[in-house]
Every structure is written in structure tokens, then in C-alpha cells.
$ cat final11.tsv   # TSV, C-alpha atoms
chain	number	residue	atom	x	y	z
U	1	ARG	CA	-19.82	27.67	5.62
U	2	ALA	CA	-21.77	24.41	5.49
U	3	ARG	CA	-22.87	24.76	9.10
U	4	SER	CA	-24.11	28.34	8.59
U	5	ASN	CA	-26.09	27.49	5.47
U	6	PRO	CA	-29.20	25.36	6.18
U	7	ARG	CA	-29.55	24.43	2.52
U	8	ARG	CA	-26.16	22.70	2.49
U	9	LYS	CA	-26.29	21.37	6.01
U	10	GLY	CA	-28.64	18.57	5.05
U	11	LEU	CA	-26.41	17.44	2.22
U	12	TYR	CA	-23.37	17.41	4.46
U	13	GLY	CA	-25.29	15.58	7.12
U	14	GLN	CA	-26.21	12.84	4.66
U	15	GLN	CA	-22.79	12.40	3.12
U	16	HIS	CA	-20.19	13.48	5.70
U	17	HIS	CA	-19.01	9.87	5.85
U	18	ALA	CA	-17.50	10.36	2.39
U	19	LEU	CA	-14.69	12.35	4.00
U	20	ASP	CA	-14.32	10.35	7.20
U	21	ALA	CA	-12.59	7.45	5.50
U	22	PHE	CA	-9.59	9.56	4.55
U	23	GLY	CA	-7.84	8.93	7.85
U	24	GLN	CA	-7.58	5.27	6.94
U	25	HIS	CA	-6.12	6.17	3.53
U	26	SER	CA	-3.52	8.41	5.20
U	27	SER	CA	-2.08	5.58	7.27
U	28	GLN	CA	-2.08	3.29	4.23
U	29	MET	CA	-0.33	5.98	2.22
U	30	ASP	CA	2.39	6.42	4.86
U	31	SER	CA	3.36	2.75	4.65
U	32	CYS	CA	2.99	2.80	0.89
U	33	LEU	CA	5.29	5.79	0.48
U	34	SER	CA	8.01	4.28	2.61
U	35	SER	CA	7.98	1.06	0.59
U	36	ALA	CA	7.84	2.93	-2.72
U	37	SER	CA	11.03	4.83	-1.95
U	38	GLY	CA	13.14	1.67	-1.86
U	39	ARG	CA	16.81	2.44	-1.26
U	40	ALA	CA	16.87	5.75	-3.09
U	41	SER	CA	18.28	8.67	-1.14
U	42	PRO	CA	15.72	11.05	0.42
U	43	GLY	CA	14.50	13.69	-2.00
U	44	SER	CA	15.88	11.98	-5.10
U	45	PRO	CA	13.71	12.12	-8.27
U	46	THR	CA	13.21	8.37	-8.16
U	47	THR	CA	11.91	8.58	-4.60
U	48	MET	CA	9.55	11.48	-5.30
U	49	MET	CA	8.17	9.95	-8.46
U	50	GLY	CA	7.68	6.63	-6.77
U	51	ARG	CA	5.81	8.30	-3.95
U	52	LEU	CA	3.62	10.33	-6.25
U	53	ALA	CA	2.79	7.31	-8.39
U	54	CYS	CA	1.97	5.23	-5.33
U	55	GLY	CA	-0.16	8.05	-3.95
U	56	LEU	CA	-2.01	8.42	-7.24
U	57	ASP	CA	-2.91	4.74	-7.09
U	58	LEU	CA	-4.58	5.46	-3.76
U	59	LEU	CA	-6.14	8.58	-5.27
U	60	LEU	CA	-7.60	6.89	-8.33
U	61	TRP	CA	-8.52	3.58	-6.75
U	62	GLY	CA	-8.73	4.01	-2.99
U	63	SER	CA	-6.74	0.79	-2.77
U	64	ASN	CA	-6.34	-1.01	0.53
U	65	ASP	CA	-3.34	-3.01	-0.68
U	66	VAL	CA	-0.97	-1.02	-2.85
U	67	SER	CA	2.31	-2.70	-3.70
U	68	LEU	CA	5.22	-1.85	-5.96
U	69	GLU	CA	3.56	-3.96	-8.67
U	70	ASP	CA	0.83	-1.33	-8.84
U	71	LEU	CA	3.19	1.51	-9.69
U	72	PRO	CA	3.22	2.84	-13.26
U	73	PRO	CA	5.76	0.96	-15.42
U	74	HIS	CA	7.28	4.25	-16.56
U	75	GLY	CA	7.74	6.24	-13.37
U	76	SER	CA	10.02	8.74	-15.11
U	77	GLU	CA	6.99	10.02	-17.03
U	78	THR	CA	5.12	10.92	-13.85
U	79	TRP	CA	5.80	14.66	-14.16
U	80	GLN	CA	4.47	14.76	-17.72
U	81	TRP	CA	0.93	14.01	-16.56
U	82	PHE	CA	-1.63	16.77	-16.92
U	83	ILE	CA	-2.87	17.93	-13.51
U	84	SER	CA	-5.76	20.37	-13.47
U	85	SER	CA	-5.51	23.43	-11.27
U	86	ASN	CA	-9.25	23.99	-11.17
U	87	PRO	CA	-11.91	21.23	-11.12
U	88	LYS	CA	-14.79	21.81	-13.51
U	89	ALA	CA	-17.44	19.56	-11.96
U	90	MET	CA	-15.36	16.59	-13.15
U	91	ARG	CA	-16.17	17.49	-16.74
U	92	ALA	CA	-12.50	16.82	-17.47
U	93	PRO	CA	-10.10	14.39	-15.78
U	94	LEU	CA	-8.30	15.98	-12.84
U	95	VAL	CA	-5.17	13.95	-13.52
U	96	ALA	CA	-4.74	12.99	-17.17
U	97	ASP	CA	-2.22	11.31	-19.43
U	98	PRO	CA	-2.45	12.79	-22.95
U	99	LYS	CA	-0.26	10.00	-24.31
U	100	THR	CA	-2.67	7.32	-23.14
U	101	GLU	CA	-5.65	9.24	-24.53
U	102	ALA	CA	-3.91	9.68	-27.88
U	103	ALA	CA	-3.19	5.94	-28.02
U	104	PHE	CA	-6.85	5.23	-27.23
U	105	ARG	CA	-7.91	7.44	-30.12
U	106	MET	CA	-5.72	5.38	-32.44
U	107	LEU	CA	-7.24	2.09	-31.29
U	108	ARG	CA	-8.29	-0.18	-34.12
U	109	CYS	CA	-11.73	-1.33	-33.03
U	110	ARG	CA	-12.85	-4.90	-33.53
U	111	ASP	CA	-16.37	-6.00	-34.33
U	112	ASP	CA	-16.74	-7.74	-30.96
U	113	ASP	CA	-15.43	-4.84	-28.85
U	114	VAL	CA	-17.74	-3.53	-26.12
U	115	PHE	CA	-17.59	0.11	-24.99
U	116	VAL	CA	-19.18	1.21	-21.70
U	117	CYS	CA	-19.55	4.98	-21.36
U	118	SER	CA	-21.13	7.33	-18.86
U	119	TYR	CA	-20.77	10.89	-17.71
U	120	PRO	CA	-18.74	11.14	-14.48
U	121	ARG	CA	-20.65	9.98	-11.38
U	122	CYS	CA	-23.39	8.31	-13.40
U	123	GLY	CA	-22.69	4.62	-12.79
U	124	LEU	CA	-19.71	3.68	-14.96
U	125	SER	CA	-18.00	1.46	-12.37
U	126	TRP	CA	-21.25	-0.38	-11.70
U	127	ALA	CA	-22.06	-1.06	-15.36
U	128	HIS	CA	-18.43	-1.94	-16.07
U	129	ALA	CA	-18.36	-4.53	-13.29
U	130	LEU	CA	-21.59	-6.16	-14.48
U	131	SER	CA	-20.43	-6.24	-18.10
U	132	TRP	CA	-16.93	-7.47	-17.24
U	133	HIS	CA	-18.21	-10.38	-15.17
U	134	LEU	CA	-20.83	-11.38	-17.75
U	135	LEU	CA	-18.17	-11.38	-20.48
U	136	ARG	CA	-15.61	-13.40	-18.48
U	137	SER	CA	-17.72	-15.88	-16.45
U	138	ASN	CA	-19.19	-19.24	-17.49
U	139	GLU	CA	-22.86	-20.23	-17.37
U	140	SER	CA	-22.48	-21.15	-13.69
U	141	GLY	CA	-21.32	-17.61	-12.91
U	142	GLN	CA	-17.76	-18.72	-12.16
U	143	LEU	CA	-14.68	-16.83	-13.34
U	144	PRO	CA	-11.75	-18.84	-14.77
U	145	PHE	CA	-9.27	-17.14	-12.43
U	146	ARG	CA	-9.05	-16.87	-8.65
U	147	ASP	CA	-8.16	-13.19	-8.35
U	148	PRO	CA	-10.00	-10.92	-10.83
U	149	THR	CA	-7.71	-7.98	-10.02
U	150	THR	CA	-4.91	-9.78	-11.88
U	151	ILE	CA	-6.89	-9.41	-15.12
U	152	VAL	CA	-7.36	-6.18	-17.07
U	153	GLY	CA	-10.59	-4.52	-15.95
U	154	GLY	CA	-11.14	-6.84	-13.00
U	155	LYS	CA	-10.40	-4.13	-10.47
U	156	GLY	CA	-12.46	-1.50	-12.24
U	157	PRO	CA	-12.44	0.59	-15.41
U	158	VAL	CA	-9.05	1.31	-16.96
U	159	TYR	CA	-9.72	4.86	-18.08
U	160	PRO	CA	-8.43	5.83	-21.54
U	161	ASP	CA	-7.40	9.34	-20.47
U	162	GLN	CA	-5.89	8.83	-17.02
U	163	PRO	CA	-2.38	7.82	-15.97
U	164	PRO	CA	-1.74	4.07	-15.98
U	165	THR	CA	-1.29	2.41	-12.61
U	166	LYS	CA	-1.04	-1.35	-12.88
U	167	TRP	CA	-2.49	-1.55	-16.39
U	168	THR	CA	-1.47	0.39	-19.48
U	169	HIS	CA	-3.24	1.09	-22.76
U	170	GLN	CA	-1.24	-1.74	-24.30
U	171	ASP	CA	-2.71	-4.12	-21.72
U	172	VAL	CA	-6.22	-2.89	-22.49
U	173	SER	CA	-5.65	-3.35	-26.22
U	174	ALA	CA	-4.35	-6.89	-25.66
U	175	GLN	CA	-7.40	-8.04	-23.68
U	176	ALA	CA	-8.98	-11.38	-24.45
U	177	HIS	CA	-11.91	-11.21	-26.84
U	178	PRO	CA	-14.29	-9.53	-26.52
U	179	ARG	CA	-12.44	-6.49	-25.24
U	180	LEU	CA	-14.18	-4.22	-22.74
U	181	LEU	CA	-13.31	-0.50	-22.89
U	182	SER	CA	-14.88	1.79	-20.30
U	183	GLY	CA	-14.60	5.52	-19.75
U	184	HIS	CA	-16.21	8.96	-19.67
U	185	CYS	CA	-14.99	10.22	-23.04
U	186	SER	CA	-17.29	12.33	-25.17
U	187	VAL	CA	-18.46	11.10	-28.56
U	188	GLN	CA	-15.76	13.17	-30.26
U	189	ARG	CA	-13.03	11.34	-28.29
U	190	LEU	CA	-14.11	7.83	-29.28
U	191	PRO	CA	-11.70	6.12	-31.68
U	192	PRO	CA	-12.65	7.01	-35.28
U	193	SER	CA	-12.57	3.30	-36.10
U	194	PHE	CA	-15.54	2.75	-33.76
U	195	LEU	CA	-18.06	3.88	-36.35
U	196	GLN	CA	-16.42	1.78	-39.04
U	197	SER	CA	-16.66	-1.38	-36.94
U	198	LYS	CA	-19.59	-3.30	-35.47
U	199	ALA	CA	-18.43	-2.66	-31.92
U	200	ARG	CA	-21.24	-2.26	-29.40
U	201	LEU	CA	-21.87	0.53	-26.91
U	202	ILE	CA	-23.48	0.57	-23.47
U	203	VAL	CA	-24.43	4.03	-22.18
U	204	ILE	CA	-25.50	4.77	-18.59
U	205	ASP	CA	-27.27	7.94	-17.53
U	206	ARG	CA	-28.41	9.25	-14.16
U	207	ASP	CA	-30.78	11.86	-12.77
U	208	PRO	CA	-28.71	15.05	-13.17
U	209	ARG	CA	-29.60	16.25	-9.67
U	210	ASP	CA	-28.11	13.14	-8.08
U	211	ALA	CA	-25.13	13.15	-10.44
U	212	MET	CA	-24.27	16.75	-9.60
U	213	VAL	CA	-24.48	16.25	-5.82
U	214	SER	CA	-22.39	13.09	-6.16
U	215	THR	CA	-19.84	15.07	-8.18
U	216	PHE	CA	-19.62	17.74	-5.50
U	217	PHE	CA	-18.88	15.30	-2.69
U	218	ARG	CA	-16.52	13.27	-4.85
U	219	LEU	CA	-14.45	16.39	-5.49
U	220	LYS	CA	-14.42	17.22	-1.79
U	221	ARG	CA	-13.13	13.74	-1.01
U	222	LEU	CA	-10.50	13.89	-3.76
U	223	GLY	CA	-9.38	17.26	-2.45
U	224	GLN	CA	-8.48	15.58	0.83
U	225	LYS	CA	-6.36	13.02	-1.02
U	226	PHE	CA	-4.65	15.65	-3.17
U	227	ARG	CA	-3.77	17.55	-0.02
U	228	ALA	CA	-1.80	14.55	1.24
U	229	LEU	CA	0.24	14.54	-1.98
U	230	GLU	CA	0.81	18.27	-2.42
U	231	CYS	CA	4.41	18.12	-1.24
U	232	HIS	CA	5.33	16.17	-4.37
U	233	ASP	CA	3.90	18.57	-6.96
U	234	ALA	CA	2.80	22.19	-6.54
U	235	ARG	CA	-0.03	21.58	-9.01
U	236	LEU	CA	-1.60	19.15	-6.56
U	237	LYS	CA	-1.69	21.88	-3.91
U	238	GLU	CA	-3.54	24.18	-6.30
U	239	LEU	CA	-6.01	21.44	-7.10
U	240	ALA	CA	-6.53	20.61	-3.42
U	241	ASP	CA	-7.17	24.30	-2.70
U	242	ALA	CA	-9.70	24.47	-5.54
U	243	CYS	CA	-11.53	21.35	-4.34
U	244	GLU	CA	-11.76	22.70	-0.80
U	245	ALA	CA	-13.09	26.06	-2.02
U	246	LEU	CA	-15.68	24.46	-4.32
U	247	THR	CA	-19.32	25.27	-3.57
U	248	LEU	CA	-22.38	23.39	-4.72
U	249	GLU	CA	-23.53	26.43	-6.73
U	250	ARG	CA	-20.23	26.70	-8.56
U	251	CYS	CA	-20.27	22.97	-9.25
U	252	TYR	CA	-23.70	23.46	-10.79
U	253	ASP	CA	-22.40	26.27	-13.02
U	254	ASP	CA	-19.91	23.86	-14.58
U	255	PHE	CA	-22.25	20.89	-14.60
U	256	ASP	CA	-24.81	22.78	-16.70
U	257	SER	CA	-22.88	25.54	-18.48
U	258	GLN	CA	-25.88	26.72	-20.54
U	259	LYS	CA	-28.33	26.57	-17.62
U	260	THR	CA	-30.51	24.15	-19.59
U	261	SER	CA	-32.41	23.29	-16.42
U	262	LEU	CA	-33.01	25.45	-13.36
U	263	ALA	CA	-35.05	22.75	-11.66
U	264	LEU	CA	-32.65	22.61	-8.72
U	265	GLY	CA	-33.99	25.94	-7.52
U	266	MET	CA	-30.56	27.29	-6.64
U	267	ASP	CA	-30.64	30.23	-9.03
U	268	ASP	CA	-32.61	33.37	-9.52
U	269	GLU	CA	-31.74	35.73	-12.34
U	270	ALA	CA	-30.09	38.38	-10.17
U	271	HIS	CA	-28.01	35.86	-8.22
U	272	TYR	CA	-26.96	34.07	-11.37
U	273	GLU	CA	-25.81	37.25	-13.13
U	274	THR	CA	-23.60	38.26	-10.20
U	275	ARG	CA	-21.64	35.03	-10.20
U	276	LYS	CA	-21.87	33.87	-13.81
U	277	ARG	CA	-18.61	32.34	-15.01
U	278	SER	CA	-17.41	30.46	-18.05
U	279	ALA	CA	-17.45	26.70	-17.68
U	280	THR	CA	-15.15	26.24	-20.65
U	281	GLU	CA	-12.20	28.42	-19.67
U	282	ASP	CA	-9.00	26.72	-18.52
U	283	VAL	CA	-10.30	23.22	-19.25
U	284	SER	CA	-7.96	20.62	-20.72
U	285	GLU	CA	-8.40	19.38	-24.28
U	286	LEU	CA	-9.85	16.21	-22.77
U	287	ASP	CA	-13.01	18.08	-21.73
U	288	TYR	CA	-16.09	15.84	-21.65
U	289	GLY	CA	-18.48	18.77	-22.04
U	290	ASP	CA	-21.23	19.54	-19.56
U	291	TYR	CA	-23.87	16.97	-18.57
U	292	TYR	CA	-26.42	17.97	-21.21
U	293	GLU	CA	-23.91	18.31	-24.05
U	294	TRP	CA	-22.50	14.85	-23.31
U	295	HIS	CA	-25.87	13.11	-23.28
U	296	ALA	CA	-27.19	14.95	-26.32
U	297	GLN	CA	-24.19	13.76	-28.34
U	298	TYR	CA	-24.60	10.16	-27.23
U	299	ALA	CA	-28.35	10.27	-27.88
U	300	SER	CA	-27.62	11.35	-31.43
U	301	LEU	CA	-25.05	8.56	-31.82
U	302	ALA	CA	-27.48	6.01	-30.41
U	303	SER	CA	-30.13	6.94	-32.97
U	304	GLN	CA	-27.50	6.47	-35.69
U	305	LEU	CA	-26.23	3.09	-34.45
U	306	GLY	CA	-29.59	1.53	-33.58
U	307	GLN	CA	-29.24	-1.98	-32.15
U	308	ARG	CA	-25.52	-1.52	-31.52
U	309	VAL	CA	-26.38	0.59	-28.45
U	310	LEU	CA	-27.89	-0.33	-25.09
U	311	TRP	CA	-29.01	2.61	-22.95
U	312	LEU	CA	-29.29	2.02	-19.21
U	313	HIS	CA	-30.40	4.17	-16.28
U	314	TYR	CA	-28.46	4.33	-13.03
U	315	GLU	CA	-31.74	4.16	-11.16
U	316	ASP	CA	-32.50	0.78	-12.78
U	317	LEU	CA	-29.09	-0.53	-11.76
U	318	SER	CA	-29.84	0.59	-8.21
U	319	THR	CA	-33.41	-0.68	-7.84
U	320	ASP	CA	-33.19	-3.91	-9.86
U	321	PRO	CA	-29.59	-4.90	-10.68
U	322	HIS	CA	-30.66	-8.42	-11.72
U	323	SER	CA	-32.91	-7.09	-14.49
U	324	ALA	CA	-30.16	-4.71	-15.59
U	325	ALA	CA	-27.68	-7.59	-15.73
U	326	GLU	CA	-30.14	-9.64	-17.79
U	327	ARG	CA	-30.53	-6.77	-20.26
U	328	ILE	CA	-26.77	-6.43	-20.58
U	329	HIS	CA	-26.33	-10.18	-21.14
U	330	THR	CA	-29.05	-10.31	-23.79
U	331	PHE	CA	-27.45	-7.33	-25.50
U	332	LEU	CA	-23.99	-8.94	-25.47
U	333	PHE	CA	-24.91	-12.52	-26.32
U	334	SER	CA	-28.37	-12.26	-27.95
U	335	LYS	CA	-29.73	-14.84	-25.52
U	336	PRO	CA	-30.89	-14.92	-21.89
U	337	ALA	CA	-28.45	-15.87	-19.15
U	338	THR	CA	-28.73	-18.53	-16.48
U	339	SER	CA	-29.80	-17.37	-13.04
U	340	ASP	CA	-26.40	-18.43	-11.66
U	341	LYS	CA	-24.56	-16.22	-14.13
U	342	ILE	CA	-26.77	-13.23	-13.35
U	343	ASP	CA	-26.42	-13.78	-9.59
U	344	GLY	CA	-22.63	-13.98	-9.95
U	345	ALA	CA	-22.44	-10.75	-11.92
U	346	VAL	CA	-24.69	-8.83	-9.51
U	347	ARG	CA	-22.66	-10.06	-6.54
U	348	PHE	CA	-19.39	-9.13	-8.29
U	349	ALA	CA	-20.69	-5.61	-9.02
U	350	SER	CA	-22.03	-5.01	-5.51
U	351	PHE	CA	-20.59	-2.14	-3.49
U	352	ASP	CA	-18.93	-4.38	-0.91
U	353	GLU	CA	-17.12	-6.58	-3.44
U	354	THR	CA	-16.17	-3.67	-5.68
U	355	ALA	CA	-14.72	-1.73	-2.74
U	356	ALA	CA	-12.88	-4.85	-1.55
U	357	ARG	CA	-11.16	-5.04	-4.95
U	358	GLY	CA	-9.89	-1.49	-4.46
U	359	ASP	CA	-12.28	0.64	-6.57
U	360	ASP	CA	-13.93	3.27	-4.38
U	361	ALA	CA	-15.73	5.03	-7.25
U	362	LEU	CA	-19.07	3.40	-6.35
U	363	ARG	CA	-19.22	5.46	-3.15
U	364	LYS	CA	-21.87	8.04	-3.87

$ encode --input "final11.tsv" --output "C-alpha cells"
Amino acid sequence: RARSNPRRKGLYGQQHHALDAFGQHSSQMDSCLSSASGRASPGSPTTMMGRLACGLDLLLWGSNDVSLEDLPPHGSETWQWFISSNPKAMRAPLVADPKTEAAFRMLRCRDDDVFVCSYPRCGLSWAHALSWHLLRSNESGQLPFRDPTTIVGGKGPVYPDQPPTKWTHQDVSAQAHPRLLSGHCSVQRLPPSFLQSKARLIVIDRDPRDAMVSTFFRLKRLGQKFRALECHDARLKELADACEALTLERCYDDFDSQKTSLALGMDDEAHYETRKRSATEDVSELDYGDYYEWHAQYASLASQLGQRVLWLHYEDLSTDPHSAAERIHTFLFSKPATSDKIDGAVRFASFDETAARGDDALRK
């Protein structure tokens, strides 16, 4: 279909490399699955759950070095995870853990907590990496530990609504001060204690056109990974099928459920009416809302909280990451940072170093 449609051909031509890397993941997954099974007999629940958990680590992180230490601590709970059967432009987590999200909602916020929030595909991993390094490094830009992936948040965001891999909600809650909590949750899903505290909030937005296209290709790439795991859970096969069948137009329907903006030029009234569909049906209770809902809610919260909020643009992170890091540091510490500290944070948050730590979410 992409080849026969000139409008999509250009997009595929620009981003086909997003799918090419899956072959490497497949070979990594084969070795990972064999080690995860241990001595359990073939087909036993322990073996299947170990394989699924190990595969989900590859799915969520794109890790190049998955070991048994990265498996969820409670493998018997694997089958209780929520797995969507129909992606809604990533407006809800595809694989979710309601227990973890419920625990996050009960979090007792501290005055020095820092929340980093963005809509999916709008720069969360980037802003998280900058903030994490600035919070943990000294004035020379050096971290007090050799391997940052051994520390909560050092590999990437620990999402409050997704299944735990190496880190659990308890680990996130027990972070050293100040704690860093990053995710895509809507305003309604923030812990109620957030408003009662003096915790600060960093919000990142992105041009909706770029965010939607990034979402589309991210789902296509995830569909490839789900396909490799479908033998362990029929729900994963349904999700893989849905990702493969996804079109850019349908992704747009979910991304902007009210058609707030038709600037993408993909719709005319007649075409829209023939394929109009609800973007809220069959969505989990962890729904983030569409792009415009999410940002409108956070804009309202930002006006209420005033100086407790820093609002960043993905485009600023991309064109001038040093200035963005300086703004984050001034927001966190109320003073400018040394050039060494800024350089260290920008280097830590770069694509190459982030991917090397096992977080592939920066791939746009």
C-alpha cells in the first residue's frame, strides 16, 4: 500500500530504517529467550512467562544486553498485565500494569520531587535524560557511579503505568532526593498529593505534525516486535495485526479525535465522514486523551502552578540542547550551571549514548 500511494511513499522512504533494525533484535531475543528459560521444561508456565518478560524488556527498551537481572521480580504476574488489542495512536499504553499505575496514584509527593511529563513521542526520554543527569552529577559534570543503568532512571524513564522490568514502583519511590518521576500520564492521573506539595513539573511539547508521524512509525516498529512474541500470548498477535494494519489517516483520527486541526491536509469532509470512527472506544482506563486534550489540561495546570512549571519545546531540545539544559538547571537549582555540567548532561542525553544504555525511544 505504501508503494502505491505517493503521499506515503516519501514518509516511508525517510524512515524505513526504523524497521530495519528489527533483525538485530530478533537474534538478541533468541539468545535471551533460551537463557530466560533456565532448566524449566519446555512449555512450562515458568518458561513462557520468563520468555515473555524477557521479550517485553526488548520491546520496551530495545536493550542490547538483556540478562536475567532485567526480568520482572514477579514473573508470575506477567499474565495479569493489560495488553491492548488495538493501538490508539499511543494515546494509551499498549502494555500496561494497572497495579503499578494505582501505586503511582497513591504516591506521597515530596516538596523536592521533579515530574517530567510529555505526550507520547514528544521528547520525554530526551528531557528525562537531561534532568536526570543534572540532578545526579556534580559541578564538573561527573556522576558518582560508573554505570548509570544500575541506578533508577539511569537507563531511561521508569513509566508509572507500564510493567516493571528491572525497576519497580517501589524502587522509583525510594530514589535518592530529589526524586525524578517521568511519564505520559494525563493531569487526572497525577498523584492527588502533587497539588498539595511543592513538587515541580517539566512539560515538553512538540509540533503535532511531527509527533503524529513519529507515533505512526513507532507503532509500526513495535508491531514487528509484538509479532516475535505472539506465540506467548494471543493478545500480542492481535496487537501486532492492528499495528501492521494501521494507516497514517487512522492514526490521525485517534491523535486528534475532535479534528481540532485539519492543517495536515489529509481530510476533506466527504472522505472524513466515510471513515469517521470513535477514538475513545475500547481504550483502557489509562487513556492519556488525544494530543490537544492532553496539552490543554497541562496548560491549565501550568497557569495554576506558576513558577512550579517549566514548559519546554522539543524543537528547542533538538536545535539547542545546551540552552535547554541550562533552562532545566536554573529551574531545578535556581542558579546557572557550570559549562562542564551542561556539557555532561547534553552528552548523556545524546542519541548515541541513550541508545547505548538500552533506551531506543529517542529514535524518531

$ closest_residue --input "final11.tsv" --among "U:Lys166, U:His128, U:His184, U:His177" --to "Tyr288 (chain U)" --atoms "all atoms listed in the file"
U:His184

$ closest_residue --input "final11.tsv" --among "U:Arg250, U:Arg227, U:Lys335, U:His313" --to "Lys88 (chain U)" --atoms "all atoms listed in the file"
U:Arg250

$ atom_distance --input "final11.tsv" --atom1 "CA of Glu326 (chain U)" --atom2 "CA of Val346 (chain U)"
9.9 Å

$ atom_distance --input "final11.tsv" --atom1 "CA of Leu201 (chain U)" --atom2 "CA of Ile83 (chain U)"
29.0 Å

$ residues_around --input "final11.tsv" --residues "Trp81 (chain U)" --least-positions-apart "6" --cutoff "10 Å" --atoms "all atoms listed in the file" --output "PyMOL selection string"
chain U and resi 95-99+162-163

$ closest_residue --input "final11.tsv" --among "U:Ala92, U:Ala129, U:Leu236, U:Val309" --to "Leu180 (chain U)" --atoms "all atoms listed in the file"
U:Ala129

$ closest_residue --input "final11.tsv" --among "U:Leu239, U:Ala349, U:Leu229, U:Ile202" --to "Leu305 (chain U)" --atoms "all atoms listed in the file"
U:Ile202

$ closest_residue --input "final11.tsv" --among "U:Glu315, U:Gln142, U:Leu301, U:Cys231" --to "Asp207 (chain U)" --atoms "all atoms listed in the file"
U:Glu315

$ residues_near_point --input "final11.tsv" --point "(-26.5, -14.2, -16.9)" --cutoff "7 Å" --atoms "all atoms listed in the file" --output "list in words"
Leu134, Ala325, Glu326, His329, Pro336, Ala337, Thr338, Ser339, Asp340, Lys341 and Ile342 of chain U

$ closest_residue --input "final11.tsv" --among "U:Gly183, U:Pro157, U:Pro178, U:Pro120" --to "Arg200 (chain U)" --atoms "only C-alpha atoms"
U:Pro178

$ atom_distance --input "final11.tsv" --atom1 "CA of Arg179 (chain U)" --atom2 "CA of Arg218 (chain U)"
28.7 Å

$ build_atoms --input "final11.tsv" --residues "region 292-307 of chain U" --atoms "N, CA, C and O atoms" --output "mmCIF file, in the coordinates of the input"
data_model
loop_
_atom_site.group_PDB
_atom_site.id
_atom_site.type_symbol
_atom_site.label_atom_id
_atom_site.label_comp_id
_atom_site.auth_asym_id
_atom_site.auth_seq_id
_atom_site.Cartn_x
_atom_site.Cartn_y
_atom_site.Cartn_z
ATOM 1 N N TYR U 292 -25.408 17.998 -20.146
ATOM 2 C CA TYR U 292 -26.420 17.970 -21.210
ATOM 3 C C TYR U 292 -25.777 17.838 -22.586
ATOM 4 O O TYR U 292 -26.318 17.155 -23.461
ATOM 5 N N GLU U 293 -24.646 18.500 -22.792
ATOM 6 C CA GLU U 293 -23.910 18.310 -24.050
ATOM 7 C C GLU U 293 -23.575 16.832 -24.259
ATOM 8 O O GLU U 293 -23.787 16.269 -25.327
ATOM 9 N N TRP U 294 -22.982 16.238 -23.223
ATOM 10 C CA TRP U 294 -22.500 14.850 -23.310
ATOM 11 C C TRP U 294 -23.635 13.918 -23.692
ATOM 12 O O TRP U 294 -23.503 13.085 -24.615
ATOM 13 N N HIS U 295 -24.765 14.035 -23.011
ATOM 14 C CA HIS U 295 -25.870 13.110 -23.280
ATOM 15 C C HIS U 295 -26.550 13.389 -24.616
ATOM 16 O O HIS U 295 -27.011 12.452 -25.283
ATOM 17 N N ALA U 296 -26.599 14.648 -25.019
ATOM 18 C CA ALA U 296 -27.190 14.950 -26.320
ATOM 19 C C ALA U 296 -26.374 14.323 -27.450
ATOM 20 O O ALA U 296 -26.926 13.784 -28.424
ATOM 21 N N GLN U 297 -25.050 14.359 -27.315
ATOM 22 C CA GLN U 297 -24.190 13.760 -28.340
ATOM 23 C C GLN U 297 -24.358 12.247 -28.395
ATOM 24 O O GLN U 297 -24.426 11.656 -29.478
ATOM 25 N N TYR U 298 -24.438 11.616 -27.236
ATOM 26 C CA TYR U 298 -24.600 10.160 -27.230
ATOM 27 C C TYR U 298 -26.003 9.744 -27.675
ATOM 28 O O TYR U 298 -26.173 8.684 -28.293
ATOM 29 N N ALA U 299 -27.002 10.570 -27.395
ATOM 30 C CA ALA U 299 -28.350 10.270 -27.880
ATOM 31 C C ALA U 299 -28.388 10.302 -29.404
ATOM 32 O O ALA U 299 -29.023 9.457 -30.056
ATOM 33 N N SER U 300 -27.693 11.272 -29.976
ATOM 34 C CA SER U 300 -27.620 11.350 -31.430
ATOM 35 C C SER U 300 -26.891 10.136 -32.009
ATOM 36 O O SER U 300 -27.322 9.554 -33.016
ATOM 37 N N LEU U 301 -25.792 9.739 -31.362
ATOM 38 C CA LEU U 301 -25.050 8.560 -31.820
ATOM 39 C C LEU U 301 -25.890 7.306 -31.696
ATOM 40 O O LEU U 301 -25.875 6.450 -32.594
ATOM 41 N N ALA U 302 -26.647 7.190 -30.615
ATOM 42 C CA ALA U 302 -27.480 6.010 -30.410
ATOM 43 C C ALA U 302 -28.543 5.880 -31.499
ATOM 44 O O ALA U 302 -28.834 4.769 -31.980
ATOM 45 N N SER U 303 -29.117 6.997 -31.907
ATOM 46 C CA SER U 303 -30.130 6.940 -32.970
ATOM 47 C C SER U 303 -29.500 6.521 -34.295
ATOM 48 O O SER U 303 -30.141 5.892 -35.140
ATOM 49 N N GLN U 304 -28.219 6.834 -34.460
ATOM 50 C CA GLN U 304 -27.500 6.470 -35.690
ATOM 51 C C GLN U 304 -27.124 4.988 -35.686
ATOM 52 O O GLN U 304 -27.203 4.317 -36.728
ATOM 53 N N LEU U 305 -26.733 4.464 -34.524
ATOM 54 C CA LEU U 305 -26.230 3.090 -34.450
ATOM 55 C C LEU U 305 -27.315 2.053 -34.213
ATOM 56 O O LEU U 305 -27.081 0.858 -34.427
ATOM 57 N N GLY U 306 -28.470 2.460 -33.754
ATOM 58 C CA GLY U 306 -29.590 1.530 -33.580
ATOM 59 C C GLY U 306 -29.301 0.421 -32.587
ATOM 60 O O GLY U 306 -29.011 0.662 -31.416
ATOM 61 N N GLN U 307 -29.354 -0.822 -33.036
ATOM 62 C CA GLN U 307 -29.240 -1.980 -32.150
ATOM 63 C C GLN U 307 -27.816 -2.202 -31.621
ATOM 64 O O GLN U 307 -27.606 -3.110 -30.808
#
